[in-house]
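*Asks:* Quick one, upload_9.csv (CSV, C-alpha atoms):
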```
chain,number,residue,atom,x,y,z
A,1,MET,CA,23.8,23.7,-1.0
A,2,TYR,CA,25.2,20.7,-2.9
A,3,GLU,CA,22.9,21.4,-5.9
A,4,THR,CA,25.1,24.3,-7.1
A,5,PHE,CA,28.3,22.3,-6.6
A,6,TYR,CA,27.1,19.4,-8.7
A,7,GLY,CA,25.1,21.5,-11.2
A,8,LEU,CA,21.7,20.1,-10.2
A,9,THR,CA,18.5,22.1,-10.8
A,10,GLU,CA,17.0,21.1,-7.4
A,11,LYS,CA,17.3,18.7,-4.6
A,12,PRO,CA,16.7,15.1,-5.9
A,13,PHE,CA,15.9,13.5,-2.6
A,14,GLN,CA,13.1,15.5,-1.1
A,15,LEU,CA,10.9,13.6,1.4
A,16,SER,CA,7.7,15.2,0.1
A,17,PRO,CA,6.4,13.0,-2.8
A,18,GLN,CA,6.5,14.5,-6.3
A,19,ALA,CA,5.1,12.6,-9.3
A,20,LYS,CA,8.1,13.4,-11.5
A,21,PHE,CA,10.3,11.3,-9.2
A,22,PHE,CA,8.1,8.2,-9.4
A,23,PHE,CA,10.2,5.1,-10.0
A,24,ASN,CA,8.7,2.0,-11.7
A,25,SER,CA,10.1,-0.7,-9.5
A,26,THR,CA,8.5,-4.1,-10.0
A,27,ALA,CA,6.1,-3.7,-7.1
A,28,HIS,CA,5.2,-0.1,-7.8
A,29,LYS,CA,4.7,-0.8,-11.5
A,30,ARG,CA,2.2,-3.5,-10.6
A,31,ALA,CA,0.5,-1.3,-8.0
A,32,MET,CA,0.0,1.4,-10.6
A,33,ALA,CA,-1.4,-1.1,-13.0
A,34,TYR,CA,-3.9,-2.1,-10.3
A,35,LEU,CA,-4.9,1.5,-9.7
A,36,ARG,CA,-5.4,2.2,-13.4
A,37,TYR,CA,-7.4,-1.0,-13.8
A,38,GLY,CA,-9.6,-0.1,-10.8
A,39,LEU,CA,-10.2,3.4,-12.2
A,40,GLN,CA,-11.2,1.8,-15.5
A,41,GLN,CA,-13.6,-0.6,-13.8
A,42,GLY,CA,-15.1,2.3,-11.9
A,43,GLU,CA,-16.4,0.2,-9.0
A,44,GLY,CA,-15.3,-1.6,-5.8
A,45,PHE,CA,-12.1,-1.1,-3.9
A,46,ILE,CA,-8.4,-1.3,-4.8
A,47,VAL,CA,-6.2,-1.9,-1.8
A,48,ILE,CA,-2.5,-1.0,-1.6
A,49,THR,CA,-0.5,-1.8,1.5
A,50,GLY,CA,3.1,-1.5,2.5
A,51,GLY,CA,5.5,-0.7,5.3
A,52,ILE,CA,6.4,2.8,6.4
A,53,GLY,CA,8.2,4.7,3.6
A,54,THR,CA,7.7,2.2,0.8
A,55,GLY,CA,6.1,4.8,-1.5
A,56,LYS,CA,2.3,4.5,-1.1
A,57,THR,CA,1.7,8.3,-1.1
A,58,MET,CA,4.0,8.6,-4.2
A,59,LEU,CA,1.7,6.2,-6.0
A,60,VAL,CA,-1.2,8.6,-5.3
A,61,GLN,CA,0.7,11.6,-6.5
A,62,ASN,CA,1.7,9.8,-9.7
A,63,LEU,CA,-1.9,8.6,-10.2
A,64,PHE,CA,-3.3,12.1,-9.8
A,65,ALA,CA,-0.8,13.5,-12.3
A,66,GLU,CA,-2.2,11.1,-14.9
A,67,LEU,CA,-5.8,11.9,-14.3
A,68,ASP,CA,-7.9,13.9,-16.7
A,69,SER,CA,-9.8,16.4,-14.7
A,70,SER,CA,-12.5,16.6,-17.4
A,71,ASP,CA,-13.2,12.9,-16.9
A,72,VAL,CA,-12.5,12.2,-13.2
A,73,VAL,CA,-13.3,14.1,-10.0
A,74,ALA,CA,-10.8,12.9,-7.5
A,75,ALA,CA,-10.2,13.6,-3.8
A,76,GLN,CA,-7.5,12.4,-1.4
A,77,LEU,CA,-8.3,11.8,2.3
A,78,VAL,CA,-5.5,11.2,4.8
A,79,SER,CA,-7.4,9.3,7.5
A,80,THR,CA,-7.2,9.6,11.2
A,81,GLN,CA,-9.0,7.5,13.9
A,82,VAL,CA,-12.5,8.9,13.2
A,83,ASN,CA,-15.9,7.3,13.7
A,84,GLU,CA,-18.3,6.5,11.0
A,85,ASP,CA,-20.1,9.9,11.2
A,86,ASP,CA,-16.8,11.8,11.1
A,87,ILE,CA,-15.6,9.9,8.1
A,88,LEU,CA,-18.6,11.1,6.2
A,89,ARG,CA,-17.8,14.6,7.1
A,90,LEU,CA,-14.2,14.2,5.9
A,91,VAL,CA,-15.4,12.7,2.6
A,92,SER,CA,-17.9,15.5,2.1
A,93,GLY,CA,-15.2,18.1,2.9
A,94,ALA,CA,-12.7,16.4,0.5
A,95,PHE,CA,-15.2,16.9,-2.3
A,96,GLY,CA,-16.0,20.5,-1.3
A,97,LEU,CA,-19.4,19.8,0.2
A,98,ALA,CA,-20.8,21.4,3.3
A,99,SER,CA,-20.5,19.1,6.4
A,100,GLU,CA,-20.6,21.2,9.6
A,101,HIS,CA,-23.6,20.8,11.8
A,102,LEU,CA,-25.3,18.4,9.4
A,103,THR,CA,-27.0,15.1,10.4
A,104,LYS,CA,-25.8,11.8,9.0
A,105,ALA,CA,-28.9,11.6,6.9
A,106,ALA,CA,-28.2,15.1,5.4
A,107,LEU,CA,-24.5,14.2,4.8
A,108,LEU,CA,-25.6,11.0,2.9
A,109,GLN,CA,-28.2,12.9,0.9
A,110,ASN,CA,-25.7,15.6,-0.2
A,111,LEU,CA,-23.1,13.0,-1.1
A,112,GLY,CA,-25.7,11.0,-3.1
A,113,ALA,CA,-26.8,14.2,-5.0
A,114,PHE,CA,-23.2,15.1,-5.7
A,115,LEU,CA,-22.4,11.7,-7.1
A,116,ALA,CA,-25.5,11.6,-9.3
A,117,ALA,CA,-24.7,15.1,-10.6
A,118,ARG,CA,-21.2,14.1,-11.6
A,119,GLN,CA,-22.5,11.1,-13.4
A,120,ALA,CA,-24.9,13.3,-15.3
A,121,GLU,CA,-21.9,15.3,-16.4
A,122,GLY,CA,-20.2,12.2,-17.7
A,123,LYS,CA,-17.6,12.2,-14.9
A,124,ARG,CA,-16.4,9.5,-12.6
A,125,VAL,CA,-15.7,10.1,-8.9
A,126,LEU,CA,-12.6,8.7,-7.2
A,127,LEU,CA,-11.9,8.7,-3.4
A,128,VAL,CA,-8.4,7.9,-2.3
A,129,VAL,CA,-8.0,7.2,1.4
A,130,ASP,CA,-4.4,7.3,2.5
A,131,GLU,CA,-3.2,5.9,5.9
A,132,ALA,CA,-6.3,3.8,6.0
A,133,GLN,CA,-4.9,1.5,8.7
A,134,ASN,CA,-6.0,4.2,11.2
A,135,LEU,CA,-9.6,3.8,10.4
A,136,PRO,CA,-11.9,1.8,12.8
A,137,ASP,CA,-13.8,-1.1,11.4
A,138,ARG,CA,-17.1,0.8,11.4
A,139,SER,CA,-15.6,3.7,9.4
A,140,ILE,CA,-14.4,1.3,6.8
A,141,GLU,CA,-17.8,-0.2,6.7
A,142,GLU,CA,-19.3,3.3,6.1
A,143,LEU,CA,-17.0,3.6,3.1
A,144,ARG,CA,-18.3,0.3,1.8
A,145,MET,CA,-21.9,1.6,2.2
A,146,LEU,CA,-21.0,4.6,0.0
A,147,SER,CA,-20.0,2.1,-2.7
A,148,ASN,CA,-23.7,1.1,-2.8
A,149,TYR,CA,-24.7,4.4,-4.6
A,150,GLN,CA,-25.8,3.3,-8.1
A,151,GLY,CA,-26.9,5.2,-11.2
A,152,ARG,CA,-27.8,3.8,-14.6
A,153,GLY,CA,-26.6,0.4,-13.4
A,154,LYS,CA,-23.1,1.7,-12.5
A,155,ALA,CA,-21.4,2.5,-9.2
A,156,LEU,CA,-21.1,6.2,-8.6
A,157,LEU,CA,-18.0,6.1,-6.4
A,158,GLN,CA,-14.7,4.3,-6.8
A,159,SER,CA,-12.5,4.0,-3.7
A,160,PHE,CA,-8.8,3.2,-3.2
A,161,LEU,CA,-7.5,2.3,0.2
A,162,LEU,CA,-3.8,2.8,1.0
A,163,GLY,CA,-2.3,1.8,4.3
A,164,GLN,CA,0.4,0.2,6.3
A,165,ASN,CA,0.6,-3.5,7.1
A,166,GLU,CA,-2.1,-3.2,9.8
A,167,LEU,CA,-4.7,-2.5,7.1
A,168,ARG,CA,-4.3,-6.1,5.9
A,169,ASP,CA,-5.0,-7.4,9.3
A,170,THR,CA,-8.1,-5.2,9.6
A,171,LEU,CA,-9.5,-6.2,6.3
A,172,GLN,CA,-9.0,-9.9,7.0
A,173,GLY,CA,-11.0,-9.6,10.2
A,174,PRO,CA,-14.2,-11.5,10.8
A,175,GLY,CA,-16.5,-8.5,10.3
A,176,MET,CA,-15.0,-7.4,7.0
A,177,GLU,CA,-16.5,-10.0,4.7
A,178,GLN,CA,-18.7,-7.6,2.8
A,179,VAL,CA,-15.7,-5.2,2.3
A,180,ARG,CA,-13.5,-8.1,1.1
A,181,GLN,CA,-16.1,-9.0,-1.5
A,182,ARG,CA,-15.8,-5.4,-2.9
A,183,ILE,CA,-12.0,-5.6,-3.3
A,184,ILE,CA,-11.2,-6.2,-7.0
A,185,ALA,CA,-7.4,-6.1,-6.7
A,186,ALA,CA,-4.8,-5.7,-4.0
A,187,GLN,CA,-1.0,-5.3,-3.8
A,188,HIS,CA,1.5,-5.2,-1.0
A,189,LEU,CA,4.6,-3.0,-1.7
A,190,GLN,CA,8.0,-4.4,-0.9
A,191,PRO,CA,11.2,-2.4,-0.4
A,192,LEU,CA,13.5,-2.0,-3.4
A,193,ASN,CA,16.1,-4.7,-4.0
A,194,ARG,CA,19.8,-3.8,-4.4
A,195,GLU,CA,19.7,-3.3,-8.1
A,196,GLU,CA,16.4,-1.4,-8.0
A,197,MET,CA,17.8,0.9,-5.3
A,198,GLU,CA,20.7,1.9,-7.5
A,199,GLN,CA,18.4,2.5,-10.4
A,200,TYR,CA,16.1,4.5,-8.1
A,201,ILE,CA,18.9,6.8,-7.0
A,202,GLU,CA,20.1,7.4,-10.5
A,203,HIS,CA,16.6,8.0,-11.8
A,204,ARG,CA,16.0,10.8,-9.2
A,205,LEU,CA,19.4,12.3,-10.0
A,206,THR,CA,18.7,12.3,-13.7
A,207,GLN,CA,15.4,14.2,-13.1
A,208,VAL,CA,17.4,17.1,-11.8
A,209,GLY,CA,20.1,17.3,-14.4
A,210,TRP,CA,22.7,14.8,-13.1
A,211,SER,CA,25.2,13.9,-15.8
A,212,GLY,CA,27.5,11.6,-13.8
A,213,ASP,CA,28.9,14.1,-11.3
A,214,PRO,CA,29.2,12.9,-8.6
A,215,GLN,CA,30.1,9.4,-9.5
A,216,ILE,CA,28.8,6.9,-7.0
A,217,THR,CA,30.7,3.7,-6.7
A,218,SER,CA,29.2,0.2,-6.4
A,219,GLU,CA,30.6,0.0,-2.9
A,220,ALA,CA,28.8,3.2,-1.9
A,221,TYR,CA,25.5,1.7,-3.2
A,222,ASP,CA,26.2,-1.4,-1.2
A,223,ALA,CA,26.6,0.6,2.0
A,224,LEU,CA,23.4,2.7,1.3
A,225,TYR,CA,21.5,-0.5,0.7
A,226,GLN,CA,22.7,-2.2,3.9
A,227,ALA,CA,21.7,0.9,5.9
A,228,SER,CA,18.3,1.5,4.2
A,229,ASN,CA,17.2,-2.1,3.3
A,230,GLY,CA,15.8,-0.5,0.1
A,231,VAL,CA,13.0,1.4,1.8
A,232,PRO,CA,12.6,4.5,-0.5
A,233,ARG,CA,12.2,7.1,2.3
A,234,ARG,CA,15.3,5.9,4.1
A,235,VAL,CA,17.2,5.8,0.8
A,236,ASN,CA,16.2,9.4,0.2
A,237,THR,CA,17.5,10.5,3.6
A,238,LEU,CA,20.8,8.7,3.2
A,239,ALA,CA,21.4,9.7,-0.4
A,240,ASP,CA,20.6,13.4,0.4
A,241,ARG,CA,23.1,13.3,3.3
A,242,LEU,CA,25.7,11.6,1.2
A,243,LEU,CA,25.5,14.3,-1.5
A,244,LEU,CA,25.6,17.0,1.1
A,245,PHE,CA,28.8,15.4,2.5
A,246,GLY,CA,30.3,15.2,-1.0
A,247,GLY,CA,29.4,18.8,-1.7
A,248,LEU,CA,31.0,20.1,1.5
A,249,GLU,CA,34.1,18.0,0.9
A,250,GLU,CA,34.2,19.0,-2.8
A,251,LEU,CA,34.2,15.3,-3.9
A,252,HIS,CA,33.4,14.2,-7.4
A,253,GLU,CA,33.5,10.5,-6.5
A,254,LEU,CA,31.5,9.1,-3.6
A,255,THR,CA,32.9,5.8,-2.3
A,256,GLY,CA,31.8,3.1,0.1
A,257,ASP,CA,34.0,4.7,2.8
A,258,HIS,CA,32.1,8.0,2.3
A,259,ALA,CA,28.7,6.3,2.5
A,260,ARG,CA,29.7,4.4,5.7
A,261,GLN,CA,31.0,7.6,7.3
A,262,VAL,CA,27.6,9.3,6.5
A,263,VAL,CA,25.7,6.3,8.0
A,264,GLU,CA,27.9,6.4,11.1
A,265,GLU,CA,27.4,10.2,11.6
A,266,MET,CA,23.6,9.9,11.2
A,267,SER,CA,23.7,7.0,13.7
A,268,LYS,CA,25.4,9.2,16.3
A,269,GLU,CA,23.1,12.2,15.6
A,270,ILE,CA,19.7,10.6,15.4
A,271,GLY,CA,20.1,7.0,16.3
A,272,TRP,CA,20.1,5.9,12.7
A,273,GLN,CA,21.0,2.2,12.5
A,274,SER,CA,21.4,-0.3,9.8
A,275,ARG,CA,18.7,-2.9,10.4
A,276,PRO,CA,18.5,-6.5,9.3
A,277,ALA,CA,16.7,-6.9,6.0
A,278,PRO,CA,13.0,-7.6,6.7
A,279,GLU,CA,11.6,-11.0,6.0
A,280,ILE,CA,10.3,-11.0,2.5
A,281,ASP,CA,6.5,-11.4,2.3
A,282,SER,CA,5.8,-11.7,-1.3
A,283,GLN,CA,2.2,-12.7,-0.8
A,284,GLU,CA,-0.4,-10.3,-1.9
A,285,PRO,CA,-3.0,-9.6,0.7
A,286,ARG,CA,-5.2,-12.7,1.1
A,287,PHE,CA,-8.5,-11.0,0.0
A,288,ALA,CA,-11.0,-12.6,-2.3
A,289,VAL,CA,-10.6,-10.4,-5.4
A,290,ALA,CA,-12.7,-10.4,-8.5
A,291,GLU,CA,-11.4,-12.4,-11.5
A,292,GLY,CA,-9.9,-10.1,-14.1
A,293,PRO,CA,-6.6,-9.2,-15.8
A,294,VAL,CA,-5.1,-8.3,-12.5
A,295,SER,CA,-6.8,-10.8,-10.2
A,296,MET,CA,-5.2,-12.6,-7.4
A,297,GLY,CA,-1.5,-13.3,-8.1
A,298,LEU,CA,0.3,-16.6,-8.1
A,299,GLU,CA,1.6,-16.2,-4.5
A,300,ALA,CA,-1.9,-15.4,-3.2
A,301,ARG,CA,-3.3,-18.4,-5.1
A,302,VAL,CA,-0.6,-20.6,-3.5
A,303,ALA,CA,-1.5,-19.2,-0.1
A,304,ASN,CA,-5.1,-19.9,-0.7
A,305,LEU,CA,-4.4,-23.5,-1.7
A,306,GLU,CA,-2.2,-23.9,1.4
A,307,SER,CA,-5.1,-22.7,3.5
A,308,LYS,CA,-7.4,-25.2,1.9
A,309,VAL,CA,-4.9,-28.0,2.5
A,310,ALA,CA,-4.6,-27.0,6.1
A,311,ASN,CA,-8.4,-27.1,6.5
A,312,ILE,CA,-8.5,-30.6,4.9
A,313,SER,CA,-5.7,-31.8,7.2
A,314,LYS,CA,-7.6,-30.4,10.2
A,315,GLU,CA,-10.8,-32.3,9.1
A,316,LEU,CA,-8.8,-35.5,8.6
A,317,LYS,CA,-7.4,-35.2,12.1
A,318,ARG,CA,-10.8,-34.7,13.5
A,319,SER,CA,-12.2,-37.7,11.6
A,320,HIS,CA,-9.3,-39.8,12.9
A,321,ARG,CA,-10.1,-38.8,16.5
A,322,LEU,CA,-13.8,-39.7,16.0
A,323,MET,CA,-12.8,-43.1,14.4
A,324,ARG,CA,-10.6,-43.9,17.3
A,325,LYS,CA,-13.3,-43.1,19.8
A,326,LEU,CA,-15.7,-45.3,17.9
A,327,LEU,CA,-13.2,-48.2,18.0
A,328,GLU,CA,-12.6,-47.8,21.7
A,329,LEU,CA,-16.4,-47.8,22.3
A,330,GLN,CA,-16.8,-50.9,20.2
A,331,MET,CA,-14.1,-52.7,22.1
A,332,GLU,CA,-15.8,-51.7,25.4
A,333,MET,CA,-19.1,-53.1,24.1
A,334,ASP,CA,-17.4,-56.4,23.0
A,335,GLY,CA,-15.8,-56.7,26.5
A,336,SER,CA,-19.2,-56.3,28.1
A,337,LYS,CA,-20.6,-59.1,25.9
A,338,ASP,CA,-17.8,-61.4,27.1
A,339,ASP,CA,-18.8,-60.8,30.7
A,340,PHE,CA,-22.1,-62.4,30.0
```
Step by step, read the file and then write its structure as structure tokens.
*Replies:*
Amino acid sequence: MYETFYGLTEKPFQLSPQAKFFFNSTAHKRAMAYLRYGLQQGEGFIVITGGIGTGKTMLVQNLFAELDSSDVVAAQLVSTQVNEDDILRLVSGAFGLASEHLTKAALLQNLGAFLAARQAEGKRVLLVVDEAQNLPDRSIEELRMLSNYQGRGKALLQSFLLGQNELRDTLQGPGMEQVRQRIIAAQHLQPLNREEMEQYIEHRLTQVGWSGDPQITSEAYDALYQASNGVPRRVNTLADRLLLFGGLEELHELTGDHARQVVEEMSKEIGWQSRPAPEIDSQEPRFAVAEGPVSMGLEARVANLESKVANISKELKRSHRLMRKLLELQMEMDGSKDDF
């Protein structure tokens, strides 16, 4: 509707991810660098985590748009809560292999043959698992086992795990040590800041032929940021509704009052509320990642040192308690000698 009024070629704020709308925020640019680096390495796991609507699936779409099909065979798997045998069937199906009514041994044999055949063709194989926070521990372990396939001294399968914050907790669990050792880089996506959100909106508008109509005031951007907290999916929903409002009212300037009116209307309709900005967690996931050009970031190294300091403090307290007990015992022994 509003596309015609504003002379746009299509809707700029669709919820379904499209690679052409990818926006290089600081966090997303770094995450893409990690994905490209992981693909270049051709082994281990790359882990990307983030809250709902922060753009993880958009990263996948952008990555797939960059891939050369003559060099990489890639498949995307949107995971559900499946056991280790079912995850093998899903992986097989994603690569176009037969999976129904096959034993686990047959599934593994077929996957091994497929991976070896692609290597013989000079191709790399990439598996991207989206919504990986839904996978049980044993299913993640099964994915790790697939990374053991080797040929000519190289891994035959490269895996990327993308998931919500719960994935970090899962991978930091006591039974995930071997998986953590395979993680060569990890990044946690944060929402856009106020400046990035404005650039994000204008970037998407530009992709569909926007030339300044409508003009969006600074106060309107402030209102959008307050209501969305910079989460891209929420930004898309609000910005789309604001443009619809502007088109229906035939407005060529969208102000803070207009944006606040849209937020209020959405709040009444679907319970949309402006939420307090989330506490910024700038730490990368605390996984042991391989040294390299995109190894553990500064924040993660600081967190690692803080953990070591905490352990040392704990040991010192324990030593202090032991020393105190020894002194008390010595005093008791000295008192016993005086009795004689």
*Asks:* For CA of Ala74 in chain A and CA of Ala98 in chain A, quote the distance in Å rounded to one decimal.
*Replies:*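 Atom-to-atom, CA of Ala74 in chain A to CA of Ala98 in chain A, that is 17.0 Å.
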*Asks:* Which residues are close to Phe45 in chain A, i.e. within 7 Å by all atoms listed in the file, leaving aside same-chain residues fewer than 6 positions away? Reply as a list in words.
*Replies:*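 Listing them by chain and then by number gives Gln158, Ser159, Phe160, Arg182, Ile183 and Ile184 of chain A.
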*Asks:* Can you work out the spacing between CA of Glu142 in chain A and CA of Thr49 in chain A in Å, to one decimal?
*Replies:* 20.0 Å
*Asks:* Give the answer as one residue: which of A:Gly55, A:Gly7, A:Gly175, A:Gly112 has the shortest atom-to-atom distance to Ser92 in chain A, using all atoms listed in the file?
*Replies:*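 Using all atoms listed in the file, Ser92 in chain A sits closest to A:Gly112.
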*Asks:* Tell me, in Å to one decimal, how far CA of Gly151 in chain A is from CA of Ala75 in chain A.
*Replies:*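 About the pair CA of Gly151 in chain A and CA of Ala75 in chain A: they are 20.1 Å apart.
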*Asks:* Counting all atoms listed in the file, write as a PyMOL selection string all protein and nucleic acid residues lying at most 12 Å from (-13.3, 15.7, 1.0) in the file's frame.
*Replies:* chain A and resi 73-79+86-99+107+111+114+125-129
*Asks:* I'd like the neighbourhood of Tyr2 in chain A as a CSV table (one decimal) with C-alpha atoms, in the frame of the given file, where a residue qualifies if any of its atoms comes within 8 Å (using all atoms listed in the file), though same-chain residues fewer than 5 positions away should be ignored.
*Replies:*
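This is the output file result-v8.csv:
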```csv
chain,number,residue,atom,x,y,z
A,243,LEU,CA,25.5,14.3,-1.5
A,244,LEU,CA,25.6,17.0,1.1
A,246,GLY,CA,30.3,15.2,-1.0
A,247,GLY,CA,29.4,18.8,-1.7
A,248,LEU,CA,31.0,20.1,1.5
```
*Asks:* Quick one: residues within 10 Å of His258 in chain A, all atoms listed in the file counted, chain neighbours fewer than 6 positions away excluded, as a list in words?
*Replies:*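 That gives Ile216, Glu219, Ala220, Ala223, Leu242, Leu243, Phe245, Gly246, Leu251 and Glu264 of chain A.
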*Asks:* Using all atoms listed in the file for the distances, tell me which of A:Leu8, A:Leu63, A:Asn165, A:Leu35 is nearest to Pro214 in chain A.
*Replies:* A:Leu8
*Asks:* With the input short on atoms, add N, CA and C atoms back to range 211-225 of chain A and write it as a CSV table (one decimal), in the frame of the given file.
*Replies:*
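Ended up saving to selection13.csv:
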```csv
chain,number,residue,atom,x,y,z
A,211,SER,N,24.6,14.4,-14.6
A,211,SER,CA,25.2,13.9,-15.8
A,211,SER,C,26.5,13.1,-15.4
A,212,GLY,N,26.4,12.4,-14.2
A,212,GLY,CA,27.5,11.6,-13.8
A,212,GLY,C,28.4,12.2,-12.7
A,213,ASP,N,28.1,13.5,-12.3
A,213,ASP,CA,28.9,14.1,-11.3
A,213,ASP,C,27.9,14.5,-10.1
A,214,PRO,N,28.1,13.8,-9.0
A,214,PRO,CA,29.2,12.9,-8.6
A,214,PRO,C,29.1,11.5,-9.1
A,215,GLN,N,30.2,10.8,-9.3
A,215,GLN,CA,30.1,9.4,-9.5
A,215,GLN,C,30.0,8.7,-8.2
A,216,ILE,N,29.0,7.7,-8.2
A,216,ILE,CA,28.8,6.9,-7.0
A,216,ILE,C,29.2,5.5,-7.2
A,217,THR,N,30.1,5.0,-6.5
A,217,THR,CA,30.7,3.7,-6.7
A,217,THR,C,29.8,2.6,-6.3
A,218,SER,N,30.0,1.4,-6.8
A,218,SER,CA,29.2,0.2,-6.4
A,218,SER,C,29.3,0.0,-4.9
A,219,GLU,N,30.5,0.2,-4.3
A,219,GLU,CA,30.6,0.0,-2.9
A,219,GLU,C,29.8,1.0,-2.1
A,220,ALA,N,29.6,2.2,-2.6
A,220,ALA,CA,28.8,3.2,-1.9
A,220,ALA,C,27.3,2.8,-2.0
A,221,TYR,N,26.9,2.2,-3.1
A,221,TYR,CA,25.5,1.7,-3.2
A,221,TYR,C,25.3,0.6,-2.3
A,222,ASP,N,26.3,-0.3,-2.1
A,222,ASP,CA,26.2,-1.4,-1.2
A,222,ASP,C,26.0,-0.9,0.2
A,223,ALA,N,26.7,0.1,0.6
A,223,ALA,CA,26.6,0.6,2.0
A,223,ALA,C,25.3,1.3,2.2
A,224,LEU,N,24.8,2.0,1.2
A,224,LEU,CA,23.4,2.7,1.3
A,224,LEU,C,22.3,1.6,1.4
A,225,TYR,N,22.5,0.5,0.6
A,225,TYR,CA,21.5,-0.5,0.7
A,225,TYR,C,21.5,-1.2,2.0
```
